[in-house]
Each structure stands twice: as C-alpha cells, then as structure tokens.
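Text of the file run_30.tsv, holding TSV, C-alpha atoms and all ligand atoms:
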chain	number	residue	atom	x	y	z
A	1	MET	CA	-28.80	14.42	-55.67
A	2	SER	CA	-25.58	14.81	-53.79
A	3	ARG	CA	-27.09	17.71	-51.77
A	4	ASN	CA	-30.06	15.56	-50.70
A	5	ARG	CA	-27.75	12.80	-49.68
A	6	PHE	CA	-26.02	15.05	-47.15
A	7	ILE	CA	-29.12	16.66	-45.62
A	8	PRO	CA	-30.07	13.72	-43.35
A	9	ASN	CA	-26.57	13.70	-41.87
A	10	ARG	CA	-26.62	17.32	-40.85
A	11	PRO	CA	-28.71	17.09	-37.63
A	12	ILE	CA	-26.61	14.08	-36.60
A	13	LYS	CA	-23.37	16.02	-37.10
A	14	VAL	CA	-24.73	18.99	-35.09
A	15	PHE	CA	-25.81	16.59	-32.35
A	16	GLU	CA	-22.41	14.87	-32.38
A	17	SER	CA	-20.47	18.11	-32.09
A	18	CYS	CA	-22.76	19.30	-29.23
A	19	PHE	CA	-22.36	15.93	-27.58
A	20	SER	CA	-18.56	15.91	-27.82
A	21	ALA	CA	-18.39	19.55	-26.62
A	22	GLY	CA	-20.60	18.55	-23.67
A	23	ARG	CA	-18.41	15.57	-22.97
A	24	ARG	CA	-15.25	17.72	-23.01
A	25	LEU	CA	-16.92	20.19	-20.65
A	26	SER	CA	-18.03	17.50	-18.20
A	27	HIS	CA	-14.57	15.89	-18.43
A	28	GLY	CA	-12.98	19.26	-17.57
A	29	LEU	CA	-15.40	19.78	-14.66
A	30	MET	CA	-14.69	16.28	-13.30
A	31	GLU	CA	-10.97	16.98	-13.43
A	32	LEU	CA	-11.52	20.21	-11.46
A	33	ILE	CA	-13.52	18.37	-8.78
A	34	TYR	CA	-11.35	15.23	-8.79
A	35	PRO	CA	-7.83	16.21	-9.95
A	36	PRO	CA	-6.31	13.35	-11.97
A	37	ALA	CA	-3.99	11.08	-10.04
A	38	CYS	CA	-1.55	8.34	-11.06
A	39	ALA	CA	-3.34	4.98	-10.96
A	40	ALA	CA	-0.34	3.34	-9.28
A	41	CYS	CA	1.14	5.81	-6.76
A	42	GLY	CA	-1.65	8.38	-6.46
A	43	SER	CA	0.54	11.42	-7.18
A	44	ALA	CA	-0.95	14.27	-9.22
A	45	ILE	CA	-0.78	14.07	-13.02
A	46	ALA	CA	-1.64	16.75	-15.57
A	47	ASP	CA	-4.10	14.70	-17.64
A	48	SER	CA	-6.19	11.69	-16.60
A	49	ASP	CA	-5.56	10.17	-20.05
A	50	ASP	CA	-1.89	9.73	-19.06
A	51	PHE	CA	-3.07	7.21	-16.45
A	52	LEU	CA	0.33	6.98	-14.73
A	53	CYS	CA	2.88	9.58	-13.59
A	54	LEU	CA	6.23	9.75	-15.42
A	55	ASP	CA	8.07	7.79	-12.70
A	56	CYS	CA	5.53	4.95	-12.79
A	57	TRP	CA	5.58	4.79	-16.59
A	58	GLN	CA	9.34	4.56	-16.45
A	59	ASN	CA	9.26	1.83	-13.79
A	60	LEU	CA	6.71	-0.13	-15.80
A	61	ARG	CA	8.71	0.16	-19.03
A	62	GLU	CA	11.97	-0.86	-17.37
A	63	ASN	CA	10.42	-3.99	-15.88
A	64	LEU	CA	8.50	-5.31	-18.89
A	65	PRO	CA	8.81	-8.13	-19.60
A	66	GLY	CA	12.37	-9.11	-18.50
A	67	ASN	CA	14.02	-12.45	-19.15
A	68	TYR	CA	12.01	-15.31	-17.81
A	69	CYS	CA	11.61	-19.08	-18.04
A	70	ARG	CA	8.83	-19.99	-20.48
A	71	VAL	CA	7.67	-22.88	-18.30
A	72	CYS	CA	7.55	-21.51	-14.74
A	73	GLY	CA	7.59	-17.80	-15.63
A	74	HIS	CA	10.27	-16.84	-13.10
A	75	ASP	CA	13.03	-14.30	-13.72
A	76	ILE	CA	16.19	-15.77	-15.12
A	77	GLY	CA	19.46	-14.39	-16.51
A	78	ASP	CA	20.23	-14.63	-20.24
A	79	PHE	CA	22.92	-17.27	-19.79
A	80	SER	CA	20.81	-19.55	-17.59
A	81	LEU	CA	18.14	-20.11	-20.22
A	82	ILE	CA	18.32	-23.28	-22.32
A	83	ASP	CA	15.58	-23.55	-24.94
A	84	GLY	CA	13.61	-20.96	-23.02
A	85	ARG	CA	13.72	-23.00	-19.80
A	86	CYS	CA	15.43	-22.40	-16.49
A	87	HIS	CA	17.59	-25.06	-14.86
A	88	ASN	CA	14.68	-26.29	-12.66
A	89	CYS	CA	12.36	-26.78	-15.63
A	90	GLN	CA	14.79	-28.60	-17.93
A	91	ASN	CA	13.57	-32.10	-17.23
A	92	ARG	CA	10.00	-31.38	-16.24
A	93	ARG	CA	6.93	-32.33	-18.24
A	94	PRO	CA	4.70	-29.62	-16.85
A	95	ALA	CA	0.91	-29.50	-17.06
A	96	ILE	CA	1.35	-25.98	-18.49
A	97	SER	CA	3.69	-26.28	-21.43
A	98	HIS	CA	4.23	-22.56	-21.97
A	99	ILE	CA	3.70	-19.38	-20.01
A	100	THR	CA	3.66	-15.79	-21.17
A	101	ARG	CA	3.68	-12.87	-18.76
A	102	VAL	CA	3.45	-9.11	-18.84
A	103	GLY	CA	6.18	-8.70	-16.24
A	104	PRO	CA	7.48	-9.55	-12.80
A	105	TYR	CA	5.24	-8.74	-9.82
A	106	GLY	CA	7.15	-5.54	-9.03
A	107	LYS	CA	6.30	-2.08	-7.79
A	108	VAL	CA	3.96	-0.48	-10.37
A	109	LEU	CA	2.48	-3.64	-11.93
A	110	ARG	CA	1.90	-5.07	-8.44
A	111	GLN	CA	0.08	-1.93	-7.29
A	112	LEU	CA	-2.11	-1.87	-10.40
A	113	ILE	CA	-3.01	-5.54	-9.97
A	114	LEU	CA	-3.89	-5.07	-6.29
A	115	SER	CA	-6.15	-2.13	-7.16
A	116	PHE	CA	-7.72	-4.16	-9.97
A	117	LYS	CA	-8.26	-7.23	-7.80
A	118	PHE	CA	-9.52	-5.66	-4.61
A	119	GLY	CA	-10.93	-2.32	-5.69
A	120	ARG	CA	-12.03	-2.81	-9.24
A	121	GLN	CA	-11.81	0.24	-11.41
A	122	SER	CA	-13.07	-0.20	-14.95
A	123	GLN	CA	-10.13	1.65	-16.51
A	124	LEU	CA	-7.76	-0.85	-14.89
A	125	ASP	CA	-9.55	-3.73	-16.65
A	126	GLN	CA	-8.80	-2.04	-19.95
A	127	PHE	CA	-5.25	-1.00	-19.15
A	128	LEU	CA	-4.10	-4.34	-17.70
A	129	GLY	CA	-6.02	-6.25	-20.37
A	130	SER	CA	-4.19	-4.23	-23.04
A	131	LEU	CA	-0.82	-5.12	-21.51
A	132	LEU	CA	-1.82	-8.79	-21.47
A	133	THR	CA	-2.99	-8.61	-25.10
A	134	ASP	CA	0.38	-7.16	-26.13
A	135	ALA	CA	2.18	-10.00	-24.32
A	136	PHE	CA	-0.13	-12.53	-25.98
A	137	LEU	CA	0.36	-11.12	-29.46
A	138	GLY	CA	4.11	-10.94	-28.99
A	139	ASP	CA	4.41	-14.65	-28.21
A	140	GLU	CA	4.56	-16.93	-31.25
A	141	HIS	CA	3.76	-19.99	-29.09
A	142	LEU	CA	0.26	-18.59	-28.63
A	143	ALA	CA	-0.36	-18.11	-32.35
A	144	ASP	CA	-2.59	-21.20	-32.59
A	145	VAL	CA	-4.61	-20.88	-29.35
A	146	ASP	CA	-8.19	-22.13	-29.79
A	147	LEU	CA	-9.80	-21.05	-26.51
A	148	LEU	CA	-9.16	-18.57	-23.70
A	149	VAL	CA	-10.08	-20.13	-20.34
A	150	PRO	CA	-10.02	-17.78	-17.34
A	151	ILE	CA	-8.99	-19.43	-14.05
A	152	PRO	CA	-12.35	-19.83	-12.31
A	153	LEU	CA	-13.23	-18.69	-8.81
A	154	HIS	CA	-15.36	-20.83	-6.52
A	155	TRP	CA	-18.89	-19.43	-6.47
A	156	ARG	CA	-18.48	-18.35	-2.82
A	157	ARG	CA	-15.43	-16.20	-3.56
A	158	ARG	CA	-16.97	-14.86	-6.72
A	159	TRP	CA	-20.09	-13.91	-4.80
A	160	SER	CA	-18.11	-12.04	-2.14
A	161	ARG	CA	-15.82	-10.28	-4.67
A	162	THR	CA	-18.70	-9.80	-7.16
A	163	TYR	CA	-16.45	-10.48	-10.16
A	164	ASN	CA	-13.73	-12.79	-11.38
A	165	GLN	CA	-10.69	-10.71	-12.30
A	166	ALA	CA	-9.36	-13.42	-14.65
A	167	GLU	CA	-12.65	-13.40	-16.56
A	168	LEU	CA	-12.56	-9.60	-16.92
A	169	LEU	CA	-9.01	-9.82	-18.29
A	170	ALA	CA	-10.01	-12.58	-20.72
A	171	LYS	CA	-12.89	-10.43	-22.02
A	172	VAL	CA	-10.59	-7.47	-22.73
A	173	VAL	CA	-7.99	-9.74	-24.37
A	174	ALA	CA	-10.64	-11.45	-26.56
A	175	ARG	CA	-12.08	-8.07	-27.59
A	176	GLN	CA	-8.70	-6.62	-28.47
A	177	LEU	CA	-7.56	-9.75	-30.31
A	178	LYS	CA	-10.74	-9.57	-32.37
A	179	LYS	CA	-9.82	-6.02	-33.41
A	180	GLN	CA	-6.50	-7.47	-34.63
A	181	GLY	CA	-8.38	-10.05	-36.71
A	182	ARG	CA	-7.99	-12.99	-34.31
A	183	SER	CA	-11.23	-14.35	-32.98
A	184	ILE	CA	-10.58	-16.58	-29.95
A	185	PRO	CA	-13.65	-17.50	-27.89
A	186	ILE	CA	-13.68	-17.38	-24.09
A	187	ASN	CA	-14.69	-20.68	-22.53
A	188	CYS	CA	-15.83	-21.09	-18.92
A	189	ASP	CA	-16.37	-24.87	-18.79
A	190	LEU	CA	-13.50	-25.27	-16.35
A	191	LEU	CA	-15.02	-25.04	-12.87
A	192	ARG	CA	-13.70	-24.57	-9.38
A	193	ILE	CA	-15.65	-27.26	-7.59
A	194	ARG	CA	-14.17	-26.87	-4.13
A	195	HIS	CA	-13.78	-23.79	-1.94
A	196	THR	CA	-10.14	-23.41	-0.90
A	197	GLU	CA	-8.03	-21.15	1.30
A	198	PRO	CA	-6.34	-18.26	-0.57
A	199	GLN	CA	-3.00	-19.59	-1.85
A	200	THR	CA	-1.12	-16.50	-0.66
A	201	SER	CA	-1.97	-17.38	2.97
A	202	LEU	CA	-0.27	-20.78	2.69
A	203	ALA	CA	3.30	-22.04	2.73
A	204	ARG	CA	4.60	-23.44	-0.56
A	205	SER	CA	4.40	-27.01	0.75
A	206	HIS	CA	0.67	-26.70	1.52
A	207	ARG	CA	-0.41	-25.07	-1.71
A	208	LEU	CA	-0.73	-28.24	-3.75
A	209	LEU	CA	-2.66	-30.00	-0.99
A	210	ASN	CA	-4.99	-27.01	-0.71
A	211	LEU	CA	-5.90	-27.15	-4.41
A	212	ARG	CA	-6.02	-30.90	-4.93
A	213	GLY	CA	-9.27	-31.74	-6.73
A	214	ALA	CA	-10.30	-28.08	-6.80
A	215	PHE	CA	-10.84	-27.90	-10.60
A	216	ALA	CA	-12.87	-30.01	-12.99
A	217	ALA	CA	-14.20	-29.52	-16.50
A	218	ARG	CA	-17.92	-29.77	-17.19
A	219	VAL	CA	-18.85	-33.18	-18.55
A	220	ASP	CA	-19.94	-31.65	-21.85
A	221	ALA	CA	-16.83	-29.43	-22.22
A	222	ASP	CA	-15.41	-29.66	-25.73
A	223	TYR	CA	-11.66	-29.38	-25.14
A	224	SER	CA	-10.50	-32.41	-27.08
A	225	GLY	CA	-7.53	-31.66	-29.38
A	226	LYS	CA	-7.58	-27.93	-28.54
A	227	HIS	CA	-4.81	-25.55	-27.54
A	228	ILE	CA	-6.11	-23.87	-24.40
A	229	CYS	CA	-4.68	-20.66	-22.96
A	230	LEU	CA	-5.44	-20.18	-19.26
A	231	ILE	CA	-5.76	-16.53	-18.20
A	232	ASP	CA	-4.91	-15.34	-14.71
A	233	ASP	CA	-3.68	-12.25	-12.93
A	234	VAL	CA	-0.72	-13.44	-10.82
A	235	THR	CA	1.12	-16.70	-10.30
A	236	THR	CA	3.80	-17.43	-7.71
A	237	THR	CA	4.58	-21.11	-7.35
A	238	GLY	CA	2.42	-21.92	-10.36
A	239	THR	CA	0.33	-24.38	-8.34
A	240	THR	CA	-3.05	-22.98	-9.40
A	241	LEU	CA	-2.12	-23.07	-13.09
A	242	ARG	CA	-0.64	-26.54	-12.73
A	243	VAL	CA	-3.69	-28.03	-10.98
A	244	ALA	CA	-6.05	-26.38	-13.49
A	245	GLY	CA	-3.82	-27.67	-16.32
A	246	ARG	CA	-4.02	-31.22	-14.99
A	247	ALA	CA	-7.82	-31.04	-14.85
A	248	LEU	CA	-7.82	-29.87	-18.49
A	249	ARG	CA	-5.46	-32.63	-19.58
A	250	LYS	CA	-8.00	-35.22	-18.46
A	251	THR	CA	-10.32	-33.88	-21.18
A	252	GLY	CA	-7.95	-34.68	-24.05
A	253	VAL	CA	-6.64	-31.19	-24.77
A	254	ALA	CA	-3.74	-30.92	-27.20
A	255	ARG	CA	-1.84	-28.30	-25.22
A	256	VAL	CA	-2.30	-25.98	-22.26
A	257	SER	CA	-0.53	-22.60	-22.13
A	258	ALA	CA	-1.03	-19.69	-19.79
A	259	ALA	CA	-1.01	-15.90	-20.08
A	260	VAL	CA	-0.70	-13.96	-16.84
A	261	LEU	CA	-0.15	-10.37	-15.87
A	262	ALA	CA	2.65	-11.05	-13.42
A	263	VAL	CA	4.84	-13.74	-11.94
A	264	ALA	CA	5.78	-13.20	-8.30
A	265	ALA	CA	9.07	-14.43	-6.90
A	266	ASN	CA	8.84	-17.63	-4.85
A	267	ASP	CA	8.72	-16.92	-1.13
B	1	ZN	ZN	2.87	7.14	-10.16
B	2	ZN	ZN	11.46	-22.55	-15.01

Reformat the file's structure so that it appears as structure tokens.
Ligand SMILES: [Zn+2]
Ligand SMILES: [Zn+2]
Amino acid sequence: MSRNRFIPNRPIKVFESCFSAGRRLSHGLMELIYPPACAACGSAIADSDDFLCLDCWQNLRENLPGNYCRVCGHDIGDFSLIDGRCHNCQNRRPAISHITRVGPYGKVLRQLILSFKFGRQSQLDQFLGSLLTDAFLGDEHLADVDLLVPIPLHWRRRWSRTYNQAELLAKVVARQLKKQGRSIPINCDLLRIRHTEPQTSLARSHRLLNLRGAFAARVDADYSGKHICLIDDVTTTGTTLRVAGRALRKTGVARVSAAVLAVAAND
C-alpha cells in the first residue's frame, strides 16, 4: 500500500531534481556571461543573490529608517519630536494623517528607486516591495488598513512609461502581507484625471497649483468609512499625497495614511 503510494511521485521527483540541476547550471552560465553586479553601484559581487555589495548593504542599513515626523515624513532629531510630529506639523490637520517610510532618499535607496522607476528591473520590484512591506508591518498605525491605493499615473504618463511603479509596489506589498496572514486588497478607483508637469521640475510654490484637481475617485468607489493607505515611491514636499488625500476625503473615508519608499529633503 505504502509502496504504491510513493510510485507516482517518483517520476516527478526525478524531473524536479533534473530541473533544479538544469536551473543551477543555467544560473552558473549566466553568471559567467554576465558577472553579477551590485544593483545600486554596479561594482562586482560574488553572488547575484546578494543583490548589493557590502558597502551598499551597510549604507542601506545605516540609513533605515531614521527618526522622522509621522505626518510629513521628514528627518527630525529625537528631541524635536512631540507625539511623533515635527514642529511644523504640530498644529496641522493634514489630509494624510500618518506616513510610514522605508528611509530617507539617500545614496543607495535613491539609486535603487531611480533604477526601478526609469529602468524597471523585476528584481527591484521585489526587493523594494519587501522593504516597504517591512516598514508597513513595523508600523502599528497601519494595523487596521482596509485598502491599499497606489498613487495613480495619468494615462499618458502610464502609456509612455508602460507601468505605474506605485502599482507594482502595492502588488508586492499585498502579496507579502497575504503570506503574513493579512489580506488587504489593492484598489485603483482613485484616478489621475488631469495630465500634469512632473513635480520634480517645479518649484515648491508651484507644486500645489500644478496638481490642483488632478485626482478624483470614481463615482462608484466604495471608500466610505475605510482606512486607506496610499502607496508611492518618493515624496518630497508631500503635495501629491496631500492632493490625493483630499480627493479621498471627499468620499467619506475614515482615515488616509501613506506608505512610501523614501522621503526626499525639501529643496
Ligand atoms: Zn554597491
Ligand atoms: Zn512634520
């Protein structure tokens, strides 16, 4: 009885071991043709599974996540934080009530995000998405999030870039949260209804004007009473998150938070 039960598995096990041996061989050949390089600085590394060189790993570790204001996301010293807020955010009632970040927009994280945004590599989706998942799971304010809403791109920009980096991040985060037993759906009913200039090309004073009326929720969006977590790659002045948050607040949401990879210093 027991013998018969194992017979059908045997060809599968032989196939699996041949397959994994083949995969190891092709992996070795690929590494001979394309020697593994650090995803951030490009210097040679011994094994592609390491992903980053030792220096870049160290830089990344030293800069994550740092002390930061939980409203605007900017770096702040220990003694300047009051209830998690910096001095500027003390008396504000922001559209985004809470922000969580992987780190400041410094050296290694910045380089990885630029490669992810402008030269998509699938392993970067996974790596950066994993960092964002860790930040999400480590933040108790995000324990009751109902929906993940990636910051949308206007269809023209999405068409030219071919993907929305915030949506890719949200997919990895949702997948990894599910493995941890938390099932949070991704919702894309927040739309970018107006094509705008890239925020990075504009002075701080023009950023709000540029985005005014740029976001709106679909008429049938079901956001009422929900805790929404916006997902984005980088924020600087927070204008994009703020304008998107205001559009969501018109739909009767309970709370809007945000999870981003990095917060860049104000210029
Ligand atoms: Zn490196
Ligand atoms: Zn602040």

Excluding Leu177 of chain A and its own-chain neighbours fewer than 4 positions away, which residues fall within 10 Å of it when counting only C-alpha atoms? Please give them as an mmCIF file with C-alpha atoms, in the coordinates of the input.
data_model
loop_
_atom_site.group_PDB
_atom_site.id
_atom_site.type_symbol
_atom_site.label_atom_id
_atom_site.label_comp_id
_atom_site.auth_asym_id
_atom_site.auth_seq_id
_atom_site.Cartn_x
_atom_site.Cartn_y
_atom_site.Cartn_z
ATOM 1 C CA SER A 130 -4.190 -4.230 -23.040
ATOM 2 C CA THR A 133 -2.990 -8.610 -25.100
ATOM 3 C CA ASP A 134 0.380 -7.160 -26.130
ATOM 4 C CA PHE A 136 -0.130 -12.530 -25.980
ATOM 5 C CA LEU A 137 0.360 -11.120 -29.460
ATOM 6 C CA LYS A 171 -12.890 -10.430 -22.020
ATOM 7 C CA VAL A 172 -10.590 -7.470 -22.730
ATOM 8 C CA VAL A 173 -7.990 -9.740 -24.370
ATOM 9 C CA GLY A 181 -8.380 -10.050 -36.710
ATOM 10 C CA ARG A 182 -7.990 -12.990 -34.310
ATOM 11 C CA SER A 183 -11.230 -14.350 -32.980
ATOM 12 C CA ILE A 184 -10.580 -16.580 -29.950
#

Neighbours of ligand ZN 2 (chain B) at 6 Å or closer, counting all atoms listed in the file: which residues, as JSON, numbers by chain?
{"A": [69, 71, 72, 85, 86, 88, 89]}

Give the residues close to ligand ZN 1 (chain B), within 7 Å, counting only C-alpha atoms and all ligand atoms; write them as number ranges by chain.
A: 38-43, 52-56

Report the centre and edge lengths, in Å to one decimal, of an axis-aligned box enclosing every atom of segment 58-68 of chain A listed in the file, padded by 5 Å on each side, as AutoDock Vina command-line options.
--center_x 10.4 --center_y -5.4 --center_z -16.7 --size_x 17.3 --size_y 29.9 --size_z 15.8

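Considering all atoms listed in the file, the residue among A:Arg194, A:Lys250, A:Arg157, A:His206 positioned nearest to Val219 of chain A is A:Lys250.
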
Find the residues near segment 224-233 of chain A: any atom within 7 Å, counting only C-alpha atoms, skip ones fewer than 6 places away on the same chain, and give them as a list in words.
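The residues satisfying every condition are Val145, Asp146, Leu147, Leu148, Val149, Pro150, Ile151, Ala166, Ala170, Thr251, Gly252, Val253, Ala254, Arg255, Val256, Ser257, Ala258, Ala259, Val260, Leu261 and Ala262 of chain A.
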
Pick the closest to Lys107 of chain A from A:Leu169, A:Ala95, A:Ala264, A:Leu124: which is it, counting only C-alpha atoms?
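Once distances to Lys107 of chain A are computed over only C-alpha atoms, the minimum belongs to A:Ala264.
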
Just to confirm, what's the straight-line distance from atom CA of Gln165 of chain A to atom CA of Ile113 of chain A in Å (one decimal)?
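Separating atom CA of Gln165 of chain A from atom CA of Ile113 of chain A is a distance of 9.5 Å.
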
Å distance separating atom CA of Ile99 of chain A from atom CA of Trp159 of chain A, one decimal place
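Between atom CA of Ile99 of chain A and atom CA of Trp159 of chain A the gap is 28.8 Å.
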
Among listed residues A:Gln176, A:Thr196, A:Asn91, A:Asn63, nearest Trp155 of chain A (using all atoms listed in the file)
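Of the candidates, the smallest distance to Trp155 of chain A is held by A:Thr196.
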
Name the closest residue to Val102 of chain A among the candidates A:Val263, A:Glu140, A:Lys117, A:Asp50; distances are taken between atoms, counting all atoms listed in the file.
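Once distances to Val102 of chain A are computed over all atoms listed in the file, the minimum belongs to A:Val263.
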
Provide the atom CA of Arg93 of chain A to atom CA of Ala247 of chain A distance in Å, to one decimal place.
15.2 Å

For Ile76 of chain A, which residue out of A:Leu112, A:Ala244, A:Pro104, A:Asp144 is the nearest one, using only C-alpha atoms?
A:Pro104

Identify which of the residues A:Pro185, A:Gly77, A:Gly129, A:Gly103 lies closest to Thr235 of chain A, counting all atoms listed in the file when measuring atom-to-atom distances.
A:Gly103
